[in-house]
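Worksheet: one structure, shown below.
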Amino acid sequence: MGAAILVVLGSSWALGVSTKFWSAATYEDFARGNFAGVSLSREGAMTLAPQLQEVFNTDQAMVWSVARDQRGNVYLGTGHSGKVFRMGADLKGSLIFEAPEPDVFALAVDKDNQIFVGTSPDGKIYKMDSSGKGKEFFNPQAKYIWAMAFAPDGTLYVGTGDRGKIYRVRANGEGELFYDTHQSNIMSLAAAPNNELIAGSEPNGLLYRISSSGKASVLYDSPLAEIHRVAVAPDGNIYVAALGSAEDRRFRLPQPQPPGGQAPVQAVTTITVQAVQEPGMPLPGPGDGGGQGQGRADNAASERSTGNGFTSGASRSGEGRGIKSALYRVSPDGTVETLWSSARENVFDLLPSGNRLLFSTDDKGRIYELTPDRRLSLLTQTDQEETTRLIPYENFFLATT
């Protein structure tokens with residue numbers, strides 16, 4: 001049990017003042033406060049937090065993107081001056097590149113440790129060598145470059161906006177349209193070991209699986225507007241961070257057509273939910289899809305794809321209403337589970353780490369830990385406005401703000 005804190009204002013003999021008591025003993029009570037050097041478990045117990053130490057300050061407004069090469073160097077793409085920094089194994093950073101465009105939303109490193117920088121707006125991709133010398137590599141004629149990912153075969157995939165197209169770029173810089181989602185933006189990309197591509201869109205919150213031949217299916221039709229981050233774990237599970245309330249979603253757009261006119265495979269999604277209780281949000285009870293998530297699973301069992309390959313957002317009976325952000329896990333068999341949701345915080349990044357999942361938010365830059373039994377802990381608080389990215393590094397991890 002968590003400790004109880006009693007606060008007494010005034011005293012029994014003060015004129016016109018009565019004794020008042022407040023108690024704080026649960027996760028929800030404590031989570032409303034500020035944390036310095038303290039972690040908070042789901043049961044309301046507080047322990048010493050992992051050591052948090054600033055190692056590098058870019059003096060930029062935001063760290064938007066990160067990448068790491070095989071030598072252990074970490075690269076940071078920033079806004080709003082288009083600067084790229086490199087941190088060496090000693091965790092000391094230095095400026096290595098300045099792009100003409102103001103924001104670096106995407107970074108990628110190939111097997112030869114060459115760095116690729118995706119800029120916005122009027123997005124271009126620059127290729128740098130280890131010395132920081134760079135030149136224009138590919139121009140998709142898109143306003144934004146939101147995400148890049150290298151497939152195991154060395155192919156570079158580029159997610160763009162504001163027309164939601166994915167490009168495939170060869171080693172010589174020659175690129176071609178790989179898949180047109182007819183969404184506004186492709187916000188996230190991740191490559192699976194079998195050369196499949198996982199992509200997340202905005203504004204309809206669609207999660208795609210696309211084969212190397214360009215054949216696509218919709219893995220999940222989220223009730224939220226944006227699939228902000230995706231990660232493929234070694235066990236085949238796909239972890240998804242989504243944000244943007246259901247009210248932000250737009251009407252369904254026409255069925256996307258990949259190059260060559262081949263229609264995407266229809267997606268059949270079964271959803272089971274056992275959401276972690278969020279501060280200020282009661283757990284669902286019997287009759288509203290609570291318990292072990294059976295109510296939601298039963299409702300979702302009839303939520304099959306419509307004739308155009310998508311489930312209808314209007315048929316969800318308010319699913320996602322009042323929710324700003326959520327974490328999902330998509331199993332290899334296609335089952336989707338909601339691991340966490342919030343009406344208050346936006347999740348910005350996620351990091352599968354062994355048998356646990358770390359994720360970061362915009363609530364005082366908090367970092368949370370979720371264990372396999374879905375025990376949620378507030379791991380630490382950075383006191384920045386947002387913790388934007390999490391980077392595994394040896395026996396610790398780096399957090400950018």
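Order determines the names: the first chain of the structure tokens is A, the second B, and so forth; residues in each chain are numbered 1 upward, and ligands are numbered 1 upward as they are shown.
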
Tell me which protein, DNA and RNA residues are within 12 Å of Leu197 in chain A, counting only C-alpha atoms, leaving out same-chain ones fewer than 3 positions away, and put them as a PyMOL selection string.
-> chain A and resi 148-153+155-159+166-168+178-179+188-194+200+207-219+230-232+238

Write out as a list of chain:residue names which residues come within 7 Å of Thr371 in chain A when counting only C-alpha atoms, dropping same-chain ones fewer than 3 positions away.
->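 The contact residues come out as A:Asn355, A:Arg356, A:Leu357, A:Arg374, A:Arg375, A:Leu376.
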
Mind pulling up the distance from CA of Ala89 in chain A to CA of Phe56 in chain A?
-> 12.4 Å

Can you work out the spacing between CA of Ser65 in chain A and CA of Gly77 in chain A in Å, to one decimal?
-> 4.8 Å

Given the choices A:Gln114, A:Gln381, A:Thr361, A:Ser353, which gets closest to Asn395 in chain A if the distance is worked out from only C-alpha atoms?
->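 Closest residue, counting only C-alpha atoms: A:Ser353.
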
As a ChimeraX atom specification, which residues of range 71-254 of chain A does DSSP assign to strand (DSSP E)?
-> /A:74-79,83-87,93-98,103-109,115-120,123-128,134-142,144-150,156-161,165-169,175-180,185-191,197-202,206-210,216-221,226-232,238-243
